[in-house]
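**Student:** Dropping in start32.pdb, with PDB, C-alpha atoms, pLDDT in the B column.
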```pdb
MODEL        1
ATOM      1  CA  MET A   9      14.506  -2.421   2.873  1.00 42.00           C
ATOM      2  CA  ASN A  10      16.080  -5.789   3.497  1.00 44.00           C
ATOM      3  CA  THR A  11      17.944  -7.510   0.673  1.00 59.00           C
ATOM      4  CA  GLN A  12      15.954 -10.421  -0.689  1.00 85.00           C
ATOM      5  CA  LEU A  13      13.029  -9.806   1.612  1.00 97.00           C
ATOM      6  CA  PHE A  14      10.053 -11.062  -0.384  1.00 98.00           C
ATOM      7  CA  SER A  15       6.681  -9.387   0.040  1.00 98.00           C
ATOM      8  CA  VAL A  16       3.815 -11.772  -0.752  1.00 98.00           C
ATOM      9  CA  ILE A  17       0.520  -9.971  -1.349  1.00 98.00           C
ATOM     10  CA  ILE A  18      -2.837 -11.750  -1.368  1.00 98.00           C
ATOM     11  CA  ALA A  19      -6.032  -9.883  -2.257  1.00 97.00           C
ATOM     12  CA  THR A  20      -9.209 -11.424  -0.841  1.00 97.00           C
ATOM     13  CA  TRP A  21     -12.945 -10.915  -0.904  1.00 96.00           C
ATOM     14  CA  ASN A  22     -15.295 -13.526   0.554  1.00 97.00           C
ATOM     15  CA  ALA A  23     -12.468 -16.050   0.200  1.00 97.00           C
ATOM     16  CA  ALA A  24     -13.065 -18.215   3.276  1.00 97.00           C
ATOM     17  CA  GLU A  25     -13.269 -21.386   1.160  1.00 95.00           C
ATOM     18  CA  THR A  26      -9.955 -20.820  -0.648  1.00 96.00           C
ATOM     19  CA  ILE A  27      -7.643 -18.713   1.535  1.00 98.00           C
ATOM     20  CA  ASP A  28      -6.454 -21.595   3.719  1.00 97.00           C
ATOM     21  CA  LYS A  29      -4.751 -23.312   0.752  1.00 96.00           C
ATOM     22  CA  SER A  30      -2.734 -20.195  -0.021  1.00 98.00           C
ATOM     23  CA  LEU A  31      -1.801 -19.592   3.609  1.00 98.00           C
ATOM     24  CA  GLU A  32      -0.736 -23.194   4.141  1.00 98.00           C
ATOM     25  CA  SER A  33       1.540 -23.097   1.102  1.00 98.00           C
ATOM     26  CA  LEU A  34       3.288 -20.049   2.558  1.00 98.00           C
ATOM     27  CA  ARG A  35       3.569 -21.601   5.994  1.00 98.00           C
ATOM     28  CA  ASN A  36       5.434 -24.501   4.373  1.00 98.00           C
ATOM     29  CA  GLN A  37       8.075 -22.371   2.603  1.00 98.00           C
ATOM     30  CA  THR A  38      11.653 -23.515   3.178  1.00 98.00           C
ATOM     31  CA  PHE A  39      12.887 -19.937   2.655  1.00 97.00           C
ATOM     32  CA  ARG A  40      11.606 -17.844   5.551  1.00 97.00           C
ATOM     33  CA  ASN A  41      12.699 -14.283   4.770  1.00 97.00           C
ATOM     34  CA  PHE A  42       9.329 -13.069   3.567  1.00 98.00           C
ATOM     35  CA  GLU A  43       6.419 -10.998   4.782  1.00 98.00           C
ATOM     36  CA  LEU A  44       2.787 -11.789   4.040  1.00 98.00           C
ATOM     37  CA  ILE A  45       0.304  -9.015   3.418  1.00 98.00           C
ATOM     38  CA  VAL A  46      -3.410  -9.698   2.993  1.00 98.00           C
ATOM     39  CA  VAL A  47      -5.627  -6.974   1.552  1.00 98.00           C
ATOM     40  CA  ASP A  48      -9.288  -7.802   2.050  1.00 98.00           C
ATOM     41  CA  GLY A  49     -12.078  -5.955   0.264  1.00 98.00           C
ATOM     42  CA  GLY A  50     -14.514  -6.027   3.162  1.00 97.00           C
ATOM     43  CA  SER A  51     -15.516  -9.690   3.197  1.00 98.00           C
ATOM     44  CA  LYS A  52     -18.878 -10.719   4.637  1.00 97.00           C
ATOM     45  CA  ASP A  53     -18.019 -14.391   5.165  1.00 97.00           C
ATOM     46  CA  ASP A  54     -15.394 -15.945   7.463  1.00 98.00           C
ATOM     47  CA  THR A  55     -12.357 -14.677   5.538  1.00 98.00           C
ATOM     48  CA  LEU A  56     -11.242 -12.377   8.357  1.00 98.00           C
ATOM     49  CA  ASP A  57     -11.535 -15.216  10.862  1.00 98.00           C
ATOM     50  CA  ARG A  58      -9.199 -17.308   8.696  1.00 98.00           C
ATOM     51  CA  ILE A  59      -6.720 -14.421   8.447  1.00 98.00           C
ATOM     52  CA  LYS A  60      -6.790 -13.803  12.210  1.00 98.00           C
ATOM     53  CA  ALA A  61      -6.353 -17.522  12.898  1.00 98.00           C
ATOM     54  CA  ASN A  62      -3.056 -17.296  10.993  1.00 98.00           C
ATOM     55  CA  GLY A  63      -1.835 -14.210  12.801  1.00 97.00           C
ATOM     56  CA  ASP A  64       1.602 -15.727  13.325  1.00 98.00           C
ATOM     57  CA  LEU A  65       2.018 -15.981   9.545  1.00 98.00           C
ATOM     58  CA  VAL A  66       0.286 -12.822   8.302  1.00 98.00           C
ATOM     59  CA  THR A  67       2.551  -9.812   8.782  1.00 98.00           C
ATOM     60  CA  ARG A  68      -0.047  -7.149   8.006  1.00 98.00           C
ATOM     61  CA  TRP A  69      -3.644  -7.142   6.886  1.00 98.00           C
ATOM     62  CA  ILE A  70      -6.404  -4.643   6.226  1.00 98.00           C
ATOM     63  CA  SER A  71     -10.077  -5.033   5.418  1.00 98.00           C
ATOM     64  CA  GLU A  72     -11.947  -2.215   3.694  1.00 98.00           C
ATOM     65  CA  PRO A  73     -13.939  -1.690   0.497  1.00 96.00           C
ATOM     66  CA  ASP A  74     -11.813  -1.420  -2.631  1.00 96.00           C
ATOM     67  CA  LYS A  75     -12.261  -0.970  -6.361  1.00 95.00           C
ATOM     68  CA  GLY A  76     -11.131  -4.415  -7.392  1.00 94.00           C
ATOM     69  CA  ILE A  77      -8.051  -6.583  -7.243  1.00 94.00           C
ATOM     70  CA  LEU A  78      -5.755  -4.000  -8.850  1.00 96.00           C
ATOM     71  CA  ASP A  79      -6.715  -1.435  -6.227  1.00 98.00           C
ATOM     72  CA  ALA A  80      -6.067  -4.071  -3.553  1.00 98.00           C
ATOM     73  CA  TRP A  81      -2.651  -4.860  -5.026  1.00 98.00           C
ATOM     74  CA  ASN A  82      -1.749  -1.179  -4.958  1.00 98.00           C
ATOM     75  CA  LYS A  83      -2.682  -1.016  -1.286  1.00 98.00           C
ATOM     76  CA  GLY A  84      -0.569  -4.088  -0.647  1.00 98.00           C
ATOM     77  CA  ILE A  85       2.434  -2.540  -2.368  1.00 98.00           C
ATOM     78  CA  GLY A  86       2.035   0.490  -0.127  1.00 98.00           C
ATOM     79  CA  LEU A  87       2.065  -1.734   2.960  1.00 98.00           C
ATOM     80  CA  SER A  88       5.012  -3.852   1.817  1.00 98.00           C
ATOM     81  CA  LYS A  89       8.680  -3.431   2.727  1.00 97.00           C
ATOM     82  CA  GLY A  90      10.456  -6.032   0.595  1.00 97.00           C
ATOM     83  CA  ASP A  91      12.707  -5.468  -2.397  1.00 96.00           C
ATOM     84  CA  TRP A  92      10.761  -8.129  -4.293  1.00 98.00           C
ATOM     85  CA  ILE A  93       6.974  -8.328  -4.537  1.00 98.00           C
ATOM     86  CA  LEU A  94       4.809 -11.209  -5.738  1.00 98.00           C
ATOM     87  CA  PHE A  95       1.051 -11.635  -5.936  1.00 98.00           C
ATOM     88  CA  LEU A  96      -1.205 -14.607  -5.276  1.00 97.00           C
ATOM     89  CA  GLY A  97      -4.922 -14.934  -5.710  1.00 94.00           C
ATOM     90  CA  SER A  98      -6.877 -16.619  -2.956  1.00 95.00           C
ATOM     91  CA  GLY A  99      -6.608 -20.315  -3.784  1.00 95.00           C
ATOM     92  CA  ASP A 100      -3.298 -19.946  -5.614  1.00 96.00           C
ATOM     93  CA  THR A 101      -0.422 -21.769  -3.948  1.00 97.00           C
ATOM     94  CA  LEU A 102       3.375 -21.754  -3.959  1.00 98.00           C
ATOM     95  CA  GLN A 103       5.424 -24.943  -3.880  1.00 98.00           C
ATOM     96  CA  LYS A 104       7.420 -25.231  -0.676  1.00 98.00           C
ATOM     97  CA  ASP A 105      10.765 -24.357  -2.298  1.00 98.00           C
ATOM     98  CA  ALA A 106       9.459 -21.544  -4.520  1.00 98.00           C
ATOM     99  CA  LEU A 107      10.931 -18.638  -2.576  1.00 98.00           C
ATOM    100  CA  ARG A 108      14.200 -20.515  -2.044  1.00 98.00           C
ATOM    101  CA  TYR A 109      14.508 -21.066  -5.805  1.00 98.00           C
ATOM    102  CA  TYR A 110      13.956 -17.356  -6.403  1.00 98.00           C
ATOM    103  CA  SER A 111      16.537 -16.449  -3.764  1.00 97.00           C
ATOM    104  CA  GLU A 112      19.124 -18.763  -5.314  1.00 97.00           C
ATOM    105  CA  LEU A 113      18.440 -17.364  -8.782  1.00 98.00           C
ATOM    106  CA  LEU A 114      18.842 -13.780  -7.580  1.00 97.00           C
ATOM    107  CA  SER A 115      22.111 -14.614  -5.834  1.00 96.00           C
ATOM    108  CA  GLY A 116      23.602 -15.813  -9.110  1.00 96.00           C
ATOM    109  CA  LEU A 117      22.577 -12.890 -11.323  1.00 97.00           C
ATOM    110  CA  ASP A 118      25.094 -10.279 -12.461  1.00 96.00           C
ATOM    111  CA  THR A 119      22.432  -7.617 -13.088  1.00 96.00           C
ATOM    112  CA  ILE A 120      19.244  -6.956 -11.165  1.00 96.00           C
ATOM    113  CA  PRO A 121      16.097  -7.436 -13.279  1.00 98.00           C
ATOM    114  CA  ASP A 122      12.763  -5.630 -13.105  1.00 98.00           C
ATOM    115  CA  TYR A 123      10.702  -8.777 -13.371  1.00 98.00           C
ATOM    116  CA  ILE A 124      11.137 -12.551 -13.036  1.00 98.00           C
ATOM    117  CA  PRO A 125       8.404 -14.956 -14.190  1.00 98.00           C
ATOM    118  CA  ALA A 126       8.451 -18.720 -13.679  1.00 98.00           C
ATOM    119  CA  LYS A 127       6.307 -21.752 -14.508  1.00 98.00           C
ATOM    120  CA  ILE A 128       2.844 -22.336 -13.001  1.00 97.00           C
ATOM    121  CA  ARG A 129       0.739 -25.484 -12.863  1.00 96.00           C
ATOM    122  CA  LEU A 130      -2.854 -24.965 -14.013  1.00 93.00           C
ATOM    123  CA  THR A 131      -5.518 -27.061 -12.289  1.00 91.00           C
ATOM    124  CA  ASP A 132      -9.277 -27.405 -12.414  1.00 82.00           C
ATOM    125  CA  GLY A 133     -11.535 -26.442  -9.537  1.00 73.00           C
ATOM    126  CA  HIS A 134     -10.832 -29.773  -7.826  1.00 78.00           C
ATOM    127  CA  GLY A 135      -7.043 -29.520  -7.890  1.00 81.00           C
ATOM    128  CA  HIS A 136      -6.548 -31.898 -10.822  1.00 86.00           C
ATOM    129  CA  TYR A 137      -3.563 -31.054 -13.029  1.00 89.00           C
ATOM    130  CA  ILE A 138      -4.344 -29.659 -16.496  1.00 87.00           C
ATOM    131  CA  SER A 139      -1.097 -28.245 -17.848  1.00 90.00           C
ATOM    132  CA  THR A 140       1.950 -26.120 -17.088  1.00 95.00           C
ATOM    133  CA  THR A 141       2.289 -22.555 -18.362  1.00 94.00           C
ATOM    134  CA  GLY A 142       5.102 -20.000 -18.243  1.00 96.00           C
ATOM    135  CA  LYS A 143       8.169 -19.190 -20.323  1.00 97.00           C
ATOM    136  CA  PRO A 144      10.873 -16.516 -20.580  1.00 98.00           C
ATOM    137  CA  TRP A 145       9.753 -12.972 -21.378  1.00 98.00           C
ATOM    138  CA  LYS A 146      10.356 -11.883 -24.978  1.00 97.00           C
ATOM    139  CA  TRP A 147       9.292  -8.480 -26.212  1.00 96.00           C
ATOM    140  CA  SER A 148       8.372  -9.813 -29.668  1.00 95.00           C
ATOM    141  CA  GLU A 149       5.774 -12.073 -28.025  1.00 94.00           C
ATOM    142  CA  PHE A 150       4.790  -9.924 -25.073  1.00 94.00           C
ATOM    143  CA  ARG A 151       3.898  -6.907 -27.198  1.00 90.00           C
ATOM    144  CA  LYS A 152       1.097  -9.032 -28.696  1.00 84.00           C
ATOM    145  CA  SER A 153      -0.248 -10.802 -25.606  1.00 84.00           C
ATOM    146  CA  MET A 154       0.440 -11.714 -21.981  1.00 88.00           C
ATOM    147  CA  SER A 155       2.936 -14.467 -22.760  1.00 92.00           C
ATOM    148  CA  VAL A 156       4.282 -15.061 -19.238  1.00 96.00           C
ATOM    149  CA  ALA A 157       2.700 -16.472 -16.078  1.00 94.00           C
ATOM    150  CA  HIS A 158       1.979 -13.591 -13.693  1.00 94.00           C
ATOM    151  CA  VAL A 159       0.916 -15.621 -10.645  1.00 95.00           C
ATOM    152  CA  GLY A 160       3.795 -15.825  -8.191  1.00 97.00           C
ATOM    153  CA  SER A 161       6.191 -13.922 -10.457  1.00 98.00           C
ATOM    154  CA  LEU A 162       8.675 -11.499  -8.896  1.00 98.00           C
ATOM    155  CA  HIS A 163       8.468  -7.721  -9.320  1.00 98.00           C
ATOM    156  CA  ASN A 164      11.370  -5.537  -8.291  1.00 98.00           C
ATOM    157  CA  ARG A 165      10.120  -2.686  -6.095  1.00 98.00           C
ATOM    158  CA  ARG A 166      11.958  -0.214  -8.267  1.00 98.00           C
ATOM    159  CA  LEU A 167       9.701  -1.215 -11.194  1.00 98.00           C
ATOM    160  CA  PHE A 168       6.683   0.304  -9.432  1.00 98.00           C
ATOM    161  CA  GLU A 169       8.735   3.328  -8.432  1.00 98.00           C
ATOM    162  CA  GLU A 170       9.675   3.819 -12.063  1.00 98.00           C
ATOM    163  CA  VAL A 171       6.431   3.137 -13.956  1.00 98.00           C
ATOM    164  CA  GLY A 172       3.803   3.637 -11.245  1.00 98.00           C
ATOM    165  CA  LEU A 173       1.130   1.411  -9.757  1.00 98.00           C
ATOM    166  CA  TYR A 174      -1.655  -0.626 -11.362  1.00 98.00           C
ATOM    167  CA  ASP A 175      -4.250   1.329 -13.343  1.00 96.00           C
ATOM    168  CA  PHE A 176      -7.424   0.133 -11.619  1.00 95.00           C
ATOM    169  CA  LYS A 177      -9.459   3.006 -13.068  1.00 94.00           C
ATOM    170  CA  ASN A 178      -9.174   1.753 -16.653  1.00 92.00           C
ATOM    171  CA  TYR A 179      -8.647  -1.988 -16.173  1.00 89.00           C
ATOM    172  CA  ARG A 180     -10.245  -4.669 -14.011  1.00 86.00           C
ATOM    173  CA  ILE A 181      -8.540  -7.816 -15.286  1.00 83.00           C
ATOM    174  CA  VAL A 182      -5.373  -7.305 -17.349  1.00 88.00           C
ATOM    175  CA  GLY A 183      -3.757  -4.454 -15.424  1.00 92.00           C
ATOM    176  CA  ASP A 184      -0.764  -6.715 -14.753  1.00 94.00           C
ATOM    177  CA  TYR A 185      -0.156  -6.925 -18.493  1.00 93.00           C
ATOM    178  CA  GLU A 186      -0.590  -3.175 -19.001  1.00 94.00           C
ATOM    179  CA  LEU A 187       1.873  -2.313 -16.232  1.00 97.00           C
ATOM    180  CA  LEU A 188       4.600  -4.544 -17.658  1.00 97.00           C
ATOM    181  CA  LEU A 189       4.051  -3.039 -21.104  1.00 95.00           C
ATOM    182  CA  ARG A 190       4.985   0.429 -19.859  1.00 96.00           C
ATOM    183  CA  LYS A 191       8.721  -0.223 -20.173  1.00 97.00           C
ATOM    184  CA  ARG A 192       8.260  -1.804 -23.586  1.00 96.00           C
ATOM    185  CA  GLU A 193      11.416  -3.555 -24.814  1.00 97.00           C
ATOM    186  CA  ASN A 194      13.420  -1.983 -21.992  1.00 98.00           C
ATOM    187  CA  LEU A 195      11.942  -4.270 -19.340  1.00 98.00           C
ATOM    188  CA  LYS A 196      14.822  -6.193 -17.758  1.00 98.00           C
ATOM    189  CA  THR A 197      13.897  -9.778 -16.984  1.00 98.00           C
ATOM    190  CA  ALA A 198      15.230 -13.127 -15.857  1.00 98.00           C
ATOM    191  CA  PHE A 199      13.425 -16.476 -15.834  1.00 98.00           C
ATOM    192  CA  LEU A 200      13.068 -19.167 -13.192  1.00 98.00           C
ATOM    193  CA  ASP A 201      12.819 -22.392 -15.173  1.00 98.00           C
ATOM    194  CA  ARG A 202      10.897 -24.271 -12.487  1.00 98.00           C
ATOM    195  CA  GLU A 203       7.299 -24.871 -11.498  1.00 98.00           C
ATOM    196  CA  ILE A 204       6.862 -22.637  -8.466  1.00 98.00           C
ATOM    197  CA  GLY A 205       3.131 -22.741  -7.844  1.00 97.00           C
ATOM    198  CA  GLU A 206      -0.374 -23.724  -8.772  1.00 96.00           C
ATOM    199  CA  MET A 207      -3.314 -21.724 -10.099  1.00 94.00           C
ATOM    200  CA  PRO A 208      -6.916 -22.890 -10.577  1.00 91.00           C
ATOM    201  CA  VAL A 209      -8.099 -22.238 -14.138  1.00 82.00           C
ATOM    202  CA  GLY A 210     -11.167 -20.064 -14.472  1.00 64.00           C
ATOM    203  CA  GLY A 211     -12.353 -16.678 -13.329  1.00 49.00           C
ATOM    204  CA  MET A 212     -12.052 -13.371 -15.132  1.00 46.00           C
ATOM    205  CA  SER A 213      -8.532 -13.985 -16.450  1.00 46.00           C
ATOM    206  CA  PHE A 214      -9.942 -16.691 -18.754  1.00 43.00           C
ATOM    207  CA  SER A 215     -12.892 -14.710 -20.110  1.00 46.00           C
ATOM    208  CA  MET A 216     -14.118 -12.654 -23.022  1.00 49.00           C
ATOM    209  CA  ALA A 217     -13.923  -9.577 -20.806  1.00 51.00           C
ATOM    210  CA  ALA A 218     -10.192 -10.168 -20.338  1.00 50.00           C
ATOM    211  CA  LEU A 219      -9.767 -10.520 -24.079  1.00 51.00           C
ATOM    212  CA  ARG A 220     -11.491  -7.188 -24.665  1.00 56.00           C
ATOM    213  CA  GLU A 221      -9.241  -5.512 -22.125  1.00 51.00           C
ATOM    214  CA  VAL A 222      -6.120  -6.921 -23.807  1.00 52.00           C
ATOM    215  CA  LEU A 223      -7.205  -5.294 -27.069  1.00 53.00           C
ATOM    216  CA  GLN A 224      -7.894  -2.074 -25.213  1.00 58.00           C
ATOM    217  CA  VAL A 225      -4.380  -2.149 -23.743  1.00 57.00           C
ATOM    218  CA  ARG A 226      -2.806  -2.750 -27.141  1.00 56.00           C
ATOM    219  CA  ILE A 227      -4.674   0.182 -28.687  1.00 56.00           C
ATOM    220  CA  ARG A 228      -3.824   2.578 -25.865  1.00 60.00           C
ATOM    221  CA  THR A 229      -0.148   1.639 -25.878  1.00 62.00           C
ATOM    222  CA  GLY A 230       0.150   1.785 -29.656  1.00 57.00           C
ATOM    223  CA  ARG A 231       0.597  -1.959 -29.979  1.00 55.00           C
ATOM    224  CA  CYS A 232      -2.538  -2.352 -32.088  1.00 54.00           C
ATOM    225  CA  HIS A 233      -4.128  -0.097 -34.743  1.00 49.00           C
ATOM    226  CA  PRO A 234      -7.845   0.528 -34.076  1.00 52.00           C
ATOM    227  CA  LEU A 235      -8.759  -0.912 -37.506  1.00 46.00           C
ATOM    228  CA  SER A 236      -7.242  -4.250 -36.499  1.00 50.00           C
ATOM    229  CA  VAL A 237      -9.468  -4.614 -33.427  1.00 45.00           C
ATOM    230  CA  ILE A 238     -12.205  -6.611 -35.144  1.00 47.00           C
ATOM    231  CA  PRO A 239     -10.015  -9.314 -36.764  1.00 50.00           C
ATOM    232  CA  GLY A 240      -7.783  -9.364 -33.688  1.00 48.00           C
ATOM    233  CA  TYR A 241     -10.782  -9.798 -31.425  1.00 45.00           C
ATOM    234  CA  LEU A 242     -12.220 -12.614 -33.561  1.00 45.00           C
ATOM    235  CA  LEU A 243      -8.868 -14.392 -33.551  1.00 42.00           C
ATOM    236  CA  GLY A 244      -8.701 -14.004 -29.779  1.00 45.00           C
ATOM    237  CA  VAL A 245     -12.180 -15.496 -29.410  1.00 40.00           C
ATOM    238  CA  PHE A 246     -11.130 -18.503 -31.484  1.00 39.00           C
ATOM    239  CA  LEU A 247      -7.931 -18.993 -29.468  1.00 42.00           C
ATOM    240  CA  LEU A 248      -9.759 -18.668 -26.166  1.00 45.00           C
ATOM    241  CA  LYS A 249     -12.345 -21.262 -27.132  1.00 48.00           C
ATOM    242  CA  THR A 250      -9.613 -23.554 -28.469  1.00 49.00           C
ATOM    243  CA  TYR A 251      -7.678 -23.153 -25.227  1.00 48.00           C
ATOM    244  CA  ARG A 252     -10.708 -24.048 -23.129  1.00 49.00           C
ATOM    245  CA  LEU A 253     -11.567 -27.058 -25.305  1.00 51.00           C
ATOM    246  CA  ARG A 254      -7.980 -28.353 -25.286  1.00 51.00           C
ATOM    247  CA  HIS A 255      -7.658 -28.219 -21.533  1.00 50.00           C
ATOM    248  CA  TRP A 256     -11.133 -29.673 -20.993  1.00 50.00           C
ATOM    249  CA  ARG A 257     -10.218 -32.643 -23.173  1.00 53.00           C
ATOM    250  CA  ALA A 258      -6.945 -33.082 -21.315  1.00 52.00           C
ATOM    251  CA  PHE A 259      -8.806 -33.057 -18.017  1.00 48.00           C
ATOM    252  CA  ARG A 260     -11.373 -35.594 -19.248  1.00 53.00           C
ATOM    253  CA  ALA A 261      -8.618 -37.908 -20.513  1.00 54.00           C
ATOM    254  CA  GLN A 262      -6.837 -37.664 -17.200  1.00 50.00           C
ATOM    255  CA  ARG A 263     -10.001 -38.523 -15.276  1.00 51.00           C
ATOM    256  CA  ARG A 264     -10.587 -41.621 -17.463  1.00 52.00           C
ATOM    257  CA  GLU A 265      -7.083 -42.887 -16.644  1.00 51.00           C
ATOM    258  CA  ARG A 266      -7.798 -42.894 -12.917  1.00 47.00           C
TER     259      ARG A 266
ENDMDL
END
```
Now that the file is in, can you turn its structure into structure tokens?

**Tutor:**
Amino acid sequence: MNTQLFSVIIATWNAAETIDKSLESLRNQTFRNFELIVVDGGSKDDTLDRIKANGDLVTRWISEPDKGILDAWNKGIGLSKGDWILFLGSGDTLQKDALRYYSELLSGLDTIPDYIPAKIRLTDGHGHYISTTGKPWKWSEFRKSMSVAHVGSLHNRRLFEEVGLYDFKNYRIVGDYELLLRKRENLKTAFLDREIGEMPVGGMSFSMAALREVLQVRIRTGRCHPLSVIPGYLLGVFLLKTYRLRHWRAFRAQRRER
């Protein structure tokens, strides 16, 4: 493996309308020591045409049926060669200096972490800014919920070698959270205090199904007693609806100012 070779993994399925944004953001990176791996789930639209059209940028790609995004990520990890692995959804983008910022941060660290999150801009489906999310990892917060921004965050390859791959058999949405919980308070982290990318709000990550899976993770890992599921679930429902309302109001206010 090459030192500070970043492996960027994008999972796609019928993503012809969104994949170009992600690919363009990678083409514009000022730090060039990265490989790009695209794992397609057997798209029926023009996704493969878009991937092939960017053959000079895409290092490796496969297209075959999978069992969801976590299964696709696992395949991507198997195809990757870098010491550091990050994941993007189709439509997610990295700012042009994102990988350079990560490289500079790594060069200044005394110890090598397992995981490095950063800040991510949240946008609506039209690219309008809503808010910024992402903060340093703290076990006291993380044990209760996914308190860091996963999109574009860095995973040391040795983390997967130590704790295993994503559990796509039991989880469809919050497998990223479950994997990071496996090391509990022993997870070694750093934090990149910069906005490094952009993620459209919506999809399964912002859903009741995701909330149910979070509770499932907490029960299975001993982070939540089964008797607390009902009040915990109701609180989660309230917070989710509050989150959606807050960001919808922010978006509406922003549109009125234009």

**Student:** What does the distance between atom CA of Gln37 of chain A and atom CA of Ala106 of chain A come to in Å, to one decimal place?

**Tutor:**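 Taking atom CA of Gln37 of chain A as the start and atom CA of Ala106 of chain A as the end point, the length is 7.3 Å.
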
**Student:** Name the residues in contact with Leu102 of chain A at a cut-off of 7 Å, using all atoms listed in the file, excluding same-chain residues fewer than 3 positions from it; report them as a list in words.

**Tutor:**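 Here the answer would be Ser33, Leu34, Ala106, Ile204, Gly205 and Glu206 of chain A.
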
**Student:** Using all atoms listed in the file, which of the listed residues (A:Ile77, A:Leu189, A:Leu94, A:Leu44) sits closest to Gly172 of chain A?

**Tutor:**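 When distances to Gly172 of chain A are compared using all atoms listed in the file, the smallest one comes from A:Leu189.
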
**Student:** Tell me, in Å to one decimal, how far atom CA of Phe168 of chain A is from atom CA of Leu187 of chain A.

**Tutor:**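 Separating atom CA of Phe168 of chain A from atom CA of Leu187 of chain A is a distance of 8.7 Å.
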
**Student:** In terms of the shortest atom-to-atom distance over only C-alpha atoms, which of A:Asp132, A:Glu72, A:Asp118, A:Asp28 is closest to Ser51 of chain A?

**Tutor:**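 Distance minimum relative to Ser51 of chain A lands on A:Glu72.
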
**Student:** Would you kindly translate the PyMOL selection byres ((chain A and resi 188) around 12) into the concrete residues it picks from this file, as number ranges by chain?

**Tutor:** A: 122-125, 145-147, 150-151, 153-156, 158, 161-164, 167-168, 170-175, 182-187, 189-197, 225, 229

**Student:** Enter the distance from atom CA of Gly116 of chain A to atom CA of Val66 of chain A, in Å, rounded to one decimal.

**Tutor:** 29.3 Å

**Student:** Can you turn the PyMOL selection byres ((chain A and resi 39) around 12) into a concrete residue list for this file, as a ChimeraX atom specification?

**Tutor:** /A:12-14,33-38,40-43,102-112

**Student:** So which residues get picked by the PyMOL selection byres ((chain A and resi 69) around 10) here, written as a list in words?

**Tutor:**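 Answer for the PyMOL selection byres ((chain A and resi 69) around 10): Ile17, Ile18, Ala19, Leu44, Ile45, Val46, Val47, Asp48, Leu56, Ile59, Lys60, Gly63, Val66, Thr67, Arg68, Ile70, Ser71, Gly84 and Leu87 of chain A.
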
**Student:** Give the padded box for segment 150-157 of chain A as JSON: axis-aligned, covering all atoms listed in the file, 5 Å on each side, centre and edge lengths in Å to one decimal.

**Tutor:**
```
{"center_x": 2.3, "center_y": -11.7, "center_z": -22.4, "size_x": 15.0, "size_y": 19.6, "size_z": 22.6}
```

**Student:** Return the single residue from A:Arg202, A:Arg166, A:Lys29, A:Lys83 that is closest to Ile120 of chain A, with distances computed using all atoms listed in the file.

**Tutor:**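 Once distances to Ile120 of chain A are computed over all atoms listed in the file, the minimum belongs to A:Arg166.
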
**Student:** Looking at A:Ser15, A:Thr26, A:Asn178, A:Ser139, which one is nearest to Gly97 of chain A, with distances taken over all atoms listed in the file?

**Tutor:**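 Between A:Ser15, A:Thr26, A:Asn178, A:Ser139, the residue approaching Gly97 of chain A most closely is A:Thr26.
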
**Student:** Using only C-alpha atoms, which of A:Gly99, A:Gly135, A:Gly142, A:Pro121 sits nearest Ala24 of chain A?

**Tutor:**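 Smallest distance to Ala24 of chain A is found for A:Gly99.
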